[in-house]
Structure formats: C-alpha cells, structure tokens
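What follows is the content of protein-v2.json, which has JSON, C-alpha atoms:
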[["chain", "number", "residue", "atom", "x", "y", "z"],
["I", 1, "MET", "CA", 0.00, 0.00, 0.00],
["I", 2, "ALA", "CA", 2.79, 2.38, 0.93],
["I", 3, "VAL", "CA", 4.55, 1.64, -2.35],
["I", 4, "ARG", "CA", 1.39, 2.52, -4.30],
["I", 5, "ILE", "CA", 1.09, 5.80, -2.43],
["I", 6, "HIS", "CA", 4.70, 6.68, -3.23],
["I", 7, "ILE", "CA", 4.19, 5.78, -6.90],
["I", 8, "ALA", "CA", 1.01, 7.89, -7.06],
["I", 9, "ALA", "CA", 2.81, 10.80, -5.40],
["I", 10, "ALA", "CA", 5.67, 10.51, -7.88],
["I", 11, "ILE", "CA", 3.26, 10.51, -10.83],
["I", 12, "LEU", "CA", 1.40, 13.56, -9.49],
["I", 13, "ALA", "CA", 4.71, 15.37, -8.96],
["I", 14, "LEU", "CA", 5.72, 14.60, -12.54],
["I", 15, "VAL", "CA", 2.35, 15.77, -13.90],
["I", 16, "PHE", "CA", 2.49, 19.07, -12.01],
["I", 17, "THR", "CA", 6.08, 19.58, -13.15],
["I", 18, "VAL", "CA", 5.02, 19.17, -16.77],
["I", 19, "VAL", "CA", 2.01, 21.45, -16.31],
["I", 20, "HIS", "CA", 4.14, 24.26, -14.91],
["I", 21, "ALA", "CA", 7.00, 23.78, -17.37],
["I", 22, "SER", "CA", 5.92, 26.38, -19.91],
["I", 23, "ASP", "CA", 7.22, 29.65, -21.30],
["I", 24, "PRO", "CA", 5.88, 32.90, -19.81],
["I", 25, "SER", "CA", 3.25, 34.66, -21.87],
["I", 26, "PRO", "CA", 4.85, 37.44, -23.94],
["I", 27, "LEU", "CA", 3.87, 41.03, -23.16],
["I", 28, "GLN", "CA", 4.49, 42.31, -26.68],
["I", 29, "ASP", "CA", 3.68, 41.06, -30.19],
["I", 30, "PHE", "CA", 6.98, 39.20, -30.56],
["I", 31, "CYS", "CA", 10.42, 38.83, -29.01],
["I", 32, "VAL", "CA", 13.18, 38.10, -31.54],
["I", 33, "ALA", "CA", 16.33, 36.54, -30.07],
["I", 34, "VAL", "CA", 19.59, 38.47, -30.41],
["I", 35, "PRO", "CA", 23.13, 37.24, -29.57],
["I", 36, "ASP", "CA", 24.11, 40.56, -27.97],
["I", 37, "ALA", "CA", 22.39, 41.07, -24.60],
["I", 38, "ASN", "CA", 23.03, 44.81, -24.83],
["I", 39, "ALA", "CA", 20.99, 45.03, -28.04],
["I", 40, "GLY", "CA", 17.74, 43.67, -26.62],
["I", 41, "VAL", "CA", 15.11, 44.05, -23.91],
["I", 42, "PHE", "CA", 13.55, 41.68, -21.42],
["I", 43, "VAL", "CA", 10.60, 39.55, -22.51],
["I", 44, "ASN", "CA", 8.16, 41.93, -20.82],
["I", 45, "GLY", "CA", 9.66, 44.85, -22.72],
["I", 46, "LYS", "CA", 10.64, 46.87, -19.64],
["I", 47, "ILE", "CA", 13.85, 46.83, -17.61],
["I", 48, "CYS", "CA", 13.44, 47.25, -13.85],
["I", 49, "LYS", "CA", 14.60, 50.46, -12.20],
["I", 50, "ASP", "CA", 16.98, 50.25, -9.25],
["I", 51, "PRO", "CA", 14.61, 50.10, -6.22],
["I", 52, "LYS", "CA", 16.65, 52.79, -4.49],
["I", 53, "LEU", "CA", 15.75, 55.20, -7.32],
["I", 54, "VAL", "CA", 11.99, 54.51, -7.38],
["I", 55, "LYS", "CA", 9.74, 57.52, -6.66],
["I", 56, "PRO", "CA", 6.02, 57.91, -5.87],
["I", 57, "GLU", "CA", 5.56, 59.36, -9.36],
["I", 58, "ASP", "CA", 6.45, 55.93, -10.80],
["I", 59, "PHE", "CA", 3.07, 54.71, -9.51],
["I", 60, "PHE", "CA", 1.01, 57.78, -10.40],
["I", 61, "PHE", "CA", -1.06, 59.06, -13.34],
["I", 62, "PRO", "CA", -3.11, 62.29, -13.17],
["I", 63, "GLY", "CA", -6.15, 63.57, -15.02],
["I", 64, "LEU", "CA", -8.27, 60.50, -15.71],
["I", 65, "ASN", "CA", -11.27, 62.56, -14.57],
["I", 66, "LYS", "CA", -10.96, 64.64, -17.74],
["I", 67, "PRO", "CA", -12.82, 63.45, -20.85],
["I", 68, "GLY", "CA", -10.84, 62.61, -23.98],
["I", 69, "SER", "CA", -11.71, 64.31, -27.25],
["I", 70, "THR", "CA", -14.35, 62.45, -29.27],
["I", 71, "ALA", "CA", -14.07, 64.85, -32.23],
["I", 72, "ASN", "CA", -13.19, 62.12, -34.72],
["I", 73, "PRO", "CA", -15.11, 59.96, -37.22],
["I", 74, "LEU", "CA", -15.63, 57.20, -34.65],
["I", 75, "GLY", "CA", -16.92, 59.54, -31.97],
["I", 76, "SER", "CA", -14.90, 57.85, -29.24],
["I", 77, "ASN", "CA", -11.62, 58.16, -27.39],
["I", 78, "VAL", "CA", -9.69, 55.57, -25.39],
["I", 79, "THR", "CA", -7.27, 56.93, -22.80],
["I", 80, "ALA", "CA", -5.02, 54.04, -21.82],
["I", 81, "VAL", "CA", -3.24, 53.84, -18.48],
["I", 82, "ASN", "CA", -0.78, 50.98, -18.78],
["I", 83, "VAL", "CA", 2.91, 50.42, -18.12],
["I", 84, "ASN", "CA", 3.78, 53.12, -20.65],
["I", 85, "GLN", "CA", 2.01, 55.72, -18.49],
["I", 86, "ILE", "CA", 2.69, 54.20, -15.04],
["I", 87, "PRO", "CA", 6.11, 52.53, -14.94],
["I", 88, "GLY", "CA", 5.23, 51.01, -11.56],
["I", 89, "LEU", "CA", 2.75, 48.68, -13.32],
["I", 90, "ASN", "CA", 5.68, 46.73, -14.74],
["I", 91, "THR", "CA", 5.24, 42.98, -13.96],
["I", 92, "LEU", "CA", 2.00, 43.61, -11.99],
["I", 93, "GLY", "CA", -0.35, 42.33, -14.70],
["I", 94, "VAL", "CA", -3.02, 45.05, -14.60],
["I", 95, "SER", "CA", -3.90, 48.25, -16.45],
["I", 96, "LEU", "CA", -6.80, 50.65, -16.94],
["I", 97, "ALA", "CA", -8.50, 52.69, -19.63],
["I", 98, "ARG", "CA", -11.09, 55.46, -19.78],
["I", 99, "ILE", "CA", -13.40, 55.36, -22.81],
["I", 100, "ASP", "CA", -15.37, 58.46, -23.82],
["I", 101, "PHE", "CA", -18.23, 58.34, -26.32],
["I", 102, "ALA", "CA", -20.03, 61.08, -28.20],
["I", 103, "PRO", "CA", -23.69, 60.36, -29.03],
["I", 104, "TYR", "CA", -23.67, 57.31, -31.32],
["I", 105, "GLY", "CA", -19.92, 57.01, -30.84],
["I", 106, "LEU", "CA", -18.29, 53.63, -31.41],
["I", 107, "ASN", "CA", -15.29, 51.83, -30.00],
["I", 108, "PRO", "CA", -14.99, 49.61, -33.09],
["I", 109, "PRO", "CA", -14.49, 45.84, -33.16],
["I", 110, "HIS", "CA", -11.06, 45.04, -31.74],
["I", 111, "ILE", "CA", -9.17, 42.52, -29.63],
["I", 112, "HIS", "CA", -6.74, 42.64, -26.74],
["I", 113, "PRO", "CA", -4.26, 39.84, -27.48],
["I", 114, "ARG", "CA", -2.90, 39.74, -23.94],
["I", 115, "ALA", "CA", -5.78, 40.59, -21.60],
["I", 116, "THR", "CA", -9.33, 40.00, -20.47],
["I", 117, "GLU", "CA", -11.30, 43.25, -20.11],
["I", 118, "VAL", "CA", -13.84, 44.19, -17.43],
["I", 119, "LEU", "CA", -15.94, 47.20, -18.48],
["I", 120, "PHE", "CA", -17.81, 49.46, -16.04],
["I", 121, "VAL", "CA", -20.29, 52.03, -17.38],
["I", 122, "LEU", "CA", -20.25, 55.32, -15.48],
["I", 123, "GLU", "CA", -22.52, 57.44, -17.69],
["I", 124, "GLY", "CA", -24.81, 56.80, -20.66],
["I", 125, "THR", "CA", -26.11, 53.67, -22.34],
["I", 126, "LEU", "CA", -23.83, 51.35, -24.28],
["I", 127, "VAL", "CA", -24.53, 48.39, -26.54],
["I", 128, "VAL", "CA", -21.60, 46.01, -26.08],
["I", 129, "GLY", "CA", -20.73, 42.57, -27.32],
["I", 130, "PHE", "CA", -18.11, 40.01, -28.18],
["I", 131, "VAL", "CA", -17.91, 37.21, -30.74],
["I", 132, "THR", "CA", -16.66, 33.71, -30.01],
["I", 133, "SER", "CA", -13.79, 32.03, -31.82],
["I", 134, "ASN", "CA", -14.55, 29.76, -34.78],
["I", 135, "PRO", "CA", -16.75, 26.92, -33.43],
["I", 136, "GLY", "CA", -16.33, 24.33, -36.16],
["I", 137, "MET", "CA", -17.39, 23.26, -39.64],
["I", 138, "ASN", "CA", -20.62, 24.89, -40.89],
["I", 139, "MET", "CA", -21.17, 26.66, -37.55],
["I", 140, "LYS", "CA", -21.33, 30.40, -36.99],
["I", 141, "ASN", "CA", -19.43, 32.43, -34.45],
["I", 142, "LYS", "CA", -21.79, 33.35, -31.61],
["I", 143, "LEU", "CA", -22.41, 36.96, -30.59],
["I", 144, "PHE", "CA", -22.91, 37.75, -26.91],
["I", 145, "THR", "CA", -24.39, 41.24, -26.60],
["I", 146, "LYS", "CA", -25.97, 43.36, -23.88],
["I", 147, "VAL", "CA", -27.30, 46.87, -23.29],
["I", 148, "LEU", "CA", -25.42, 48.45, -20.38],
["I", 149, "ASN", "CA", -26.60, 51.31, -18.18],
["I", 150, "PRO", "CA", -24.73, 53.27, -15.48],
["I", 151, "GLY", "CA", -23.41, 50.89, -12.84],
["I", 152, "ASP", "CA", -23.41, 47.85, -15.12],
["I", 153, "VAL", "CA", -20.33, 45.66, -15.65],
["I", 154, "PHE", "CA", -19.51, 43.40, -18.62],
["I", 155, "VAL", "CA", -16.58, 41.06, -19.27],
["I", 156, "PHE", "CA", -14.79, 40.59, -22.60],
["I", 157, "PRO", "CA", -12.68, 37.39, -22.61],
["I", 158, "GLN", "CA", -9.06, 37.65, -23.70],
["I", 159, "GLY", "CA", -8.40, 37.61, -27.44],
["I", 160, "LEU", "CA", -12.04, 37.76, -28.59],
["I", 161, "ILE", "CA", -13.39, 40.45, -30.94],
["I", 162, "HIS", "CA", -15.53, 42.94, -29.03],
["I", 163, "PHE", "CA", -17.04, 46.43, -29.35],
["I", 164, "GLN", "CA", -18.89, 49.19, -27.49],
["I", 165, "PHE", "CA", -21.47, 51.52, -29.09],
["I", 166, "ASN", "CA", -23.21, 54.52, -27.54],
["I", 167, "GLN", "CA", -26.83, 54.23, -28.63],
["I", 168, "GLY", "CA", -27.96, 57.24, -26.59],
["I", 169, "HIS", "CA", -28.43, 60.90, -27.46],
["I", 170, "SER", "CA", -25.92, 62.04, -24.82],
["I", 171, "ASN", "CA", -22.28, 61.38, -24.04],
["I", 172, "ALA", "CA", -21.22, 58.15, -22.36],
["I", 173, "VAL", "CA", -18.23, 57.26, -20.18],
["I", 174, "ALA", "CA", -16.87, 53.85, -19.27],
["I", 175, "PHE", "CA", -13.80, 52.54, -17.46],
["I", 176, "ALA", "CA", -12.07, 49.29, -18.33],
["I", 177, "GLY", "CA", -9.79, 47.16, -16.21],
["I", 178, "LEU", "CA", -7.45, 44.87, -18.17],
["I", 179, "GLY", "CA", -5.51, 41.85, -16.99],
["I", 180, "SER", "CA", -2.12, 42.87, -18.36],
["I", 181, "GLN", "CA", 0.32, 45.71, -17.87],
["I", 182, "ASN", "CA", 0.42, 45.92, -21.68],
["I", 183, "PRO", "CA", -2.81, 44.39, -23.07],
["I", 184, "GLY", "CA", -2.26, 45.52, -26.65],
["I", 185, "VAL", "CA", -5.06, 46.38, -29.04],
["I", 186, "ILE", "CA", -5.77, 45.30, -32.62],
["I", 187, "THR", "CA", -8.58, 47.22, -34.30],
["I", 188, "ILE", "CA", -9.90, 44.77, -36.88],
["I", 189, "ALA", "CA", -10.72, 47.15, -39.76],
["I", 190, "ASN", "CA", -7.50, 49.15, -39.31],
["I", 191, "ALA", "CA", -5.33, 46.04, -39.26],
["I", 192, "VAL", "CA", -6.98, 44.38, -42.26],
["I", 193, "PHE", "CA", -7.48, 47.38, -44.54],
["I", 194, "GLY", "CA", -4.93, 49.87, -43.24],
["I", 195, "SER", "CA", -1.77, 47.80, -42.79],
["I", 196, "ASP", "CA", 1.59, 49.02, -44.11],
["I", 197, "PRO", "CA", 2.42, 47.59, -46.55],
["I", 198, "PRO", "CA", -1.16, 46.74, -47.54],
["I", 199, "ILE", "CA", -2.41, 43.17, -47.69],
["I", 200, "SER", "CA", -2.71, 42.01, -51.30],
["I", 201, "PRO", "CA", -6.19, 42.70, -52.76],
["I", 202, "ASP", "CA", -6.09, 39.14, -54.09],
["I", 203, "VAL", "CA", -6.09, 37.90, -50.51],
["I", 204, "LEU", "CA", -8.84, 40.23, -49.30],
["I", 205, "THR", "CA", -11.18, 39.79, -52.28],
["I", 206, "LYS", "CA", -11.03, 36.04, -51.69],
["I", 207, "ALA", "CA", -11.43, 36.34, -47.93],
["I", 208, "PHE", "CA", -14.39, 38.76, -48.02],
["I", 209, "GLN", "CA", -15.91, 37.49, -51.28],
["I", 210, "VAL", "CA", -16.29, 40.99, -52.74],
["I", 211, "GLY", "CA", -15.01, 42.74, -55.84],
["I", 212, "ASN", "CA", -11.51, 44.18, -56.18],
["I", 213, "ASN", "CA", -12.92, 47.73, -56.41],
["I", 214, "VAL", "CA", -14.50, 47.38, -52.95],
["I", 215, "ILE", "CA", -11.20, 46.30, -51.41],
["I", 216, "LYS", "CA", -9.24, 49.08, -53.10],
["I", 217, "LYS", "CA", -11.75, 51.66, -51.84],
["I", 218, "LEU", "CA", -11.46, 50.36, -48.29],
["I", 219, "GLN", "CA", -7.66, 50.30, -48.45],
["I", 220, "SER", "CA", -7.51, 53.84, -49.84],
["I", 221, "GLN", "CA", -9.44, 55.50, -47.02],
["I", 222, "PHE", "CA", -7.97, 56.71, -43.73],
["I", 223, "TRP", "CA", -8.59, 54.37, -40.80],
["I", 224, "TRP", "CA", -8.92, 56.38, -37.61],
["I", 225, "ASP", "CA", -7.26, 55.14, -34.42],
["I", 226, "ASN", "CA", -9.20, 56.10, -31.30],
["I", 227, "ASN", "CA", -6.69, 54.47, -28.93],
["I", 228, "TYR", "CA", -4.03, 56.61, -27.31],
["I", 229, "PRO", "CA", -1.67, 54.24, -25.43]]

Is it possible to express this structure as structure tokens?
Amino acid sequence: MAVRIHIAAAILALVFTVVHASDPSPLQDFCVAVPDANAGVFVNGKICKDPKLVKPEDFFFPGLNKPGSTANPLGSNVTAVNVNQIPGLNTLGVSLARIDFAPYGLNPPHIHPRATEVLFVLEGTLVVGFVTSNPGMNMKNKLFTKVLNPGDVFVFPQGLIHFQFNQGHSNAVAFAGLGSQNPGVITIANAVFGSDPPISPDVLTKAFQVGNNVIKKLQSQFWWDNNYP
C-alpha cells in the first residue's frame, strides 16, 4: 500500500512539473532573439529600475477625470493607463482605460491579445458585445451582446473580438480594467485594410468574397485610431 502511495505521489509530482514547465506569456507582439544582450530588452519589454531610485511618481497618473476628445469619425476616445504611463505597473499584470463616447460614438471591433477586459459604465447607455472564436465546420461564431446602463459591468474574454457603441443621445463614459500591464489592441478594420504595406487585394477579395474595387476603396481610405496608449 505504501509503495502505491509513493508511486502515485511521484506521478502527481511529474504531472504538475510538466504542467508548470511552460514559457511565460509574452507582453508584446513578438520577441526576436539576439546574440548581444546589450541590443535587446527583457521579454516583458521593460527593464526594472533600481529600487533605491523609485519615486512615488512611478506609480502615479493624473487627469483621468478629464474626458478625452471624441471629435473624430468614430466619436470615441480611449485613454489608456498601462505600463507606458505608469512605470510602476511593470510585472504587476493590470492596467486601466477610460473610454469616452459622443452620441452614437463607437469603439470599433477590436481585440486585446494579452488581456481580459472588465468594463464598467459610469454614464450613458452602451450596446456592447463580443464574438466567439470559430466553433467548427458549418457553424457560426456566436455573438454575446448586452445593453449596459450606469453601474453595469460586462466582461470581454481575452483575445475575442468585441465592441462598445453609444446608442444614446448624450455622451457616455466607461472605465475598463485589463488583466495585463500591456494588453495591446488590434482594431480589426484598421489592421486588415490599413496595414503598411497593404495586404494584397487578391487575398482580401477572396477572404471577403467581394469585388476588387470594394477592397481598393477600403484600403484607400484613412482608418482612424481612437486608442491613445
């Protein structure tokens, strides 16, 4: 009996060792190896300051009570507060954003490749939603959507396409907490139709099943970025 217990314990120890033997999640789009240590950065993109030189300002960001300008074609503005604004967030795995909406303003479909988002509505009424990943052959991606009012909270799982739209006649304000010091953002339309260099129209006409003239028109227009990291 004792031998069986020891064998079981050894197997469990091996299993847990395998489970935890994985690379850390990257905190940027990619990390290309270089032979010269002086020519690179750490995997999280930020080098730690000497603790003796740390100041209160390293953990501080002012002015999030002030609305961002929504005078743009999308009618929205995202003010990010991540490790680029607060150096003290480095390695802590959290960040914040304020999102301002003009009437009928939109935070367009986008993803955060490195973070789950928790949205809290402070003012106004927002229609929000996210779409699941591809479910399988001949099945459609499912949309989860909800109308949010002041005080409501909604969660957007990491890496899934999501959006927020102000359906009201007045301004709206929301705050988002994100589970990464550097969550990243990929706005779908901007990335697909506004990349530099552009994606070949042959690829996009096939992918979207539309004519070449439609793709060229979309690629020729300016794609507004409402995120200010």

Worksheet, complete the sentence: From the list I:Asp152, I:Thr70, I:Pro62, I:Asn212, the nearest residue to Ile86 in chain I using all atoms listed in the file is I:Pro62

Item to complete: Find the residues near range 92-100 of chain I: any atom within 8 Å, counting only C-alpha atoms, skip ones fewer than 6 places away on the same chain, and give them as a list in words.
Response: Leu64, Pro67, Gly68, Ser69, Thr70, Ser76, Asn77, Val78, Thr79, Ala80, Val81, Asn82, Val83, Asn171, Ala172, Val173, Ala174, Phe175, Ala176, Gly177, Leu178, Gly179, Ser180, Gln181, Asn182 and Pro183 of chain I

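Of the listed residues I:Asn166, I:Thr125, I:Thr132, I:Asn65, the one whose atoms come nearest to Gly151 in chain I is I:Thr125, with distances taken using only C-alpha atoms.
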
Practice prompt. Considering all atoms listed in the file, state which residue in the set I:Ala102, I:Val185, I:Val54, I:Ile47 is at the smallest distance from Leu74 in chain I.
Written response: I:Ala102

Worksheet item: Looking at I:Asn138, I:Gln167, I:Gln28, I:Thr116, which one is nearest to Phe154 in chain I, with distances taken over all atoms listed in the file?
Response: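 Between I:Asn138, I:Gln167, I:Gln28, I:Thr116, the residue approaching Phe154 in chain I most closely is I:Thr116.
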
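Between CA of Trp224 in chain I and CA of Pro157 in chain I there is a distance of 24.5 Å.
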
Fill in: Among the residues I:Gln158, I:Asn72, I:Asn84, I:Asn134, the one that comes closest to Lys46 in chain I [using only C-alpha atoms]
I:Asn84

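What separates CA of Pro109 in chain I from CA of Pro87 in chain I is a distance of 28.3 Å.
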
Item to complete: Compare I:Thr145, I:Pro51, I:Pro150, I:Pro201 by their minimum atom-to-atom distance to Val121 in chain I, counting all atoms listed in the file, and give me the closest one.
Response: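 Looking at the shortest contact to Val121 in chain I, the residue is I:Pro150.
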
Item to complete: Rounded to one decimal place, report the CA of Gly211 in chain I-CA of Ile161 in chain I distance in Å.
Response: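 Going from CA of Gly211 in chain I over to CA of Ile161 in chain I covers 25.1 Å.
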
Practice prompt. For the point (-3.7, 51.8, -46.4) in the file's frame, write as a list in words all residues with an atom no more than 8 Å away, counting only C-alpha atoms.
Written response: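 The answer, in the requested form, is Phe193, Gly194, Ser195, Asp196, Pro197, Pro198, Gln219, Ser220, Gln221, Phe222 and Trp223 of chain I.
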
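Neighbours of Gln164 in chain I closer than or equal to 9 Å, with only C-alpha atoms counted and sequence neighbours fewer than 6 positions away skipped, come out as Gly105, Leu106, Asn107, Pro108, Pro109, Leu126, Val127, Val128 and Gly129 of chain I.
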
For range 172-183 of chain I, supply all heavy atoms and report the output as a PDB file, in the coordinates of the input.
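Output contents, as saved in out10.pdb:
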ATOM      1  N   ALA I 172     -21.359  59.312 -23.247  1.00  0.00           N
ATOM      2  CA  ALA I 172     -21.220  58.150 -22.360  1.00  0.00           C
ATOM      3  C   ALA I 172     -19.766  58.027 -21.932  1.00  0.00           C
ATOM      4  O   ALA I 172     -18.852  58.417 -22.663  1.00  0.00           O
ATOM      5  CB  ALA I 172     -21.675  56.875 -23.061  1.00  0.00           C
ATOM      6  N   VAL I 173     -19.577  57.466 -20.733  1.00  0.00           N
ATOM      7  CA  VAL I 173     -18.230  57.260 -20.180  1.00  0.00           C
ATOM      8  C   VAL I 173     -18.168  55.868 -19.573  1.00  0.00           C
ATOM      9  O   VAL I 173     -19.081  55.448 -18.855  1.00  0.00           O
ATOM     10  CB  VAL I 173     -17.891  58.303 -19.095  1.00  0.00           C
ATOM     11  CG1 VAL I 173     -16.472  58.075 -18.568  1.00  0.00           C
ATOM     12  CG2 VAL I 173     -18.044  59.716 -19.629  1.00  0.00           C
ATOM     13  N   ALA I 174     -17.092  55.165 -19.860  1.00  0.00           N
ATOM     14  CA  ALA I 174     -16.870  53.850 -19.270  1.00  0.00           C
ATOM     15  C   ALA I 174     -15.407  53.723 -18.858  1.00  0.00           C
ATOM     16  O   ALA I 174     -14.530  54.395 -19.418  1.00  0.00           O
ATOM     17  CB  ALA I 174     -17.243  52.744 -20.247  1.00  0.00           C
ATOM     18  N   PHE I 175     -15.160  52.862 -17.878  1.00  0.00           N
ATOM     19  CA  PHE I 175     -13.800  52.540 -17.460  1.00  0.00           C
ATOM     20  C   PHE I 175     -13.578  51.041 -17.627  1.00  0.00           C
ATOM     21  O   PHE I 175     -14.478  50.237 -17.351  1.00  0.00           O
ATOM     22  CB  PHE I 175     -13.556  52.952 -16.010  1.00  0.00           C
ATOM     23  CG  PHE I 175     -13.416  54.440 -15.826  1.00  0.00           C
ATOM     24  CD1 PHE I 175     -14.530  55.239 -15.632  1.00  0.00           C
ATOM     25  CD2 PHE I 175     -12.170  55.041 -15.871  1.00  0.00           C
ATOM     26  CE1 PHE I 175     -14.413  56.612 -15.469  1.00  0.00           C
ATOM     27  CE2 PHE I 175     -12.037  56.415 -15.717  1.00  0.00           C
ATOM     28  CZ  PHE I 175     -13.162  57.203 -15.516  1.00  0.00           C
ATOM     29  N   ALA I 176     -12.395  50.696 -18.086  1.00  0.00           N
ATOM     30  CA  ALA I 176     -12.070  49.290 -18.330  1.00  0.00           C
ATOM     31  C   ALA I 176     -10.844  48.892 -17.529  1.00  0.00           C
ATOM     32  O   ALA I 176      -9.837  49.600 -17.539  1.00  0.00           O
ATOM     33  CB  ALA I 176     -11.833  49.033 -19.812  1.00  0.00           C
ATOM     34  N   GLY I 177     -10.942  47.769 -16.840  1.00  0.00           N
ATOM     35  CA  GLY I 177      -9.790  47.160 -16.210  1.00  0.00           C
ATOM     36  C   GLY I 177      -9.314  46.003 -17.085  1.00  0.00           C
ATOM     37  O   GLY I 177     -10.129  45.232 -17.600  1.00  0.00           O
ATOM     38  N   LEU I 178      -8.009  45.892 -17.276  1.00  0.00           N
ATOM     39  CA  LEU I 178      -7.450  44.870 -18.170  1.00  0.00           C
ATOM     40  C   LEU I 178      -6.388  44.054 -17.445  1.00  0.00           C
ATOM     41  O   LEU I 178      -5.589  44.605 -16.685  1.00  0.00           O
ATOM     42  CB  LEU I 178      -6.876  45.510 -19.427  1.00  0.00           C
ATOM     43  CG  LEU I 178      -7.916  46.290 -20.248  1.00  0.00           C
ATOM     44  CD1 LEU I 178      -7.555  47.765 -20.298  1.00  0.00           C
ATOM     45  CD2 LEU I 178      -8.030  45.730 -21.645  1.00  0.00           C
ATOM     46  N   GLY I 179      -6.379  42.751 -17.715  1.00  0.00           N
ATOM     47  CA  GLY I 179      -5.510  41.850 -16.990  1.00  0.00           C
ATOM     48  C   GLY I 179      -4.107  41.733 -17.558  1.00  0.00           C
ATOM     49  O   GLY I 179      -3.582  40.622 -17.684  1.00  0.00           O
ATOM     50  N   SER I 180      -3.508  42.849 -17.900  1.00  0.00           N
ATOM     51  CA  SER I 180      -2.120  42.870 -18.360  1.00  0.00           C
ATOM     52  C   SER I 180      -1.588  44.279 -18.204  1.00  0.00           C
ATOM     53  O   SER I 180      -2.318  45.259 -18.361  1.00  0.00           O
ATOM     54  CB  SER I 180      -2.029  42.451 -19.831  1.00  0.00           C
ATOM     55  OG  SER I 180      -0.719  42.664 -20.339  1.00  0.00           O
ATOM     56  N   GLN I 181      -0.296  44.387 -17.915  1.00  0.00           N
ATOM     57  CA  GLN I 181       0.320  45.710 -17.870  1.00  0.00           C
ATOM     58  C   GLN I 181       0.397  46.321 -19.261  1.00  0.00           C
ATOM     59  O   GLN I 181       0.481  47.539 -19.413  1.00  0.00           O
ATOM     60  CB  GLN I 181       1.730  45.607 -17.299  1.00  0.00           C
ATOM     61  CG  GLN I 181       2.706  44.854 -18.225  1.00  0.00           C
ATOM     62  CD  GLN I 181       4.077  44.683 -17.629  1.00  0.00           C
ATOM     63  OE1 GLN I 181       4.195  44.249 -16.489  1.00  0.00           O
ATOM     64  NE2 GLN I 181       5.105  45.023 -18.379  1.00  0.00           N
ATOM     65  N   ASN I 182       0.358  45.467 -20.298  1.00  0.00           N
ATOM     66  CA  ASN I 182       0.420  45.920 -21.680  1.00  0.00           C
ATOM     67  C   ASN I 182      -0.512  45.036 -22.516  1.00  0.00           C
ATOM     68  O   ASN I 182      -0.058  44.131 -23.220  1.00  0.00           O
ATOM     69  CB  ASN I 182       1.861  45.843 -22.202  1.00  0.00           C
ATOM     70  CG  ASN I 182       1.989  46.365 -23.620  1.00  0.00           C
ATOM     71  OD1 ASN I 182       1.179  47.177 -24.068  1.00  0.00           O
ATOM     72  ND2 ASN I 182       2.997  45.909 -24.344  1.00  0.00           N
ATOM     73  N   PRO I 183      -1.835  45.290 -22.442  1.00  0.00           N
ATOM     74  CA  PRO I 183      -2.810  44.390 -23.070  1.00  0.00           C
ATOM     75  C   PRO I 183      -2.748  44.359 -24.583  1.00  0.00           C
ATOM     76  O   PRO I 183      -3.118  43.363 -25.201  1.00  0.00           O
ATOM     77  CB  PRO I 183      -4.149  44.913 -22.581  1.00  0.00           C
ATOM     78  CG  PRO I 183      -3.899  46.351 -22.236  1.00  0.00           C
ATOM     79  CD  PRO I 183      -2.486  46.393 -21.727  1.00  0.00           C
TER      80      PRO I 183
END
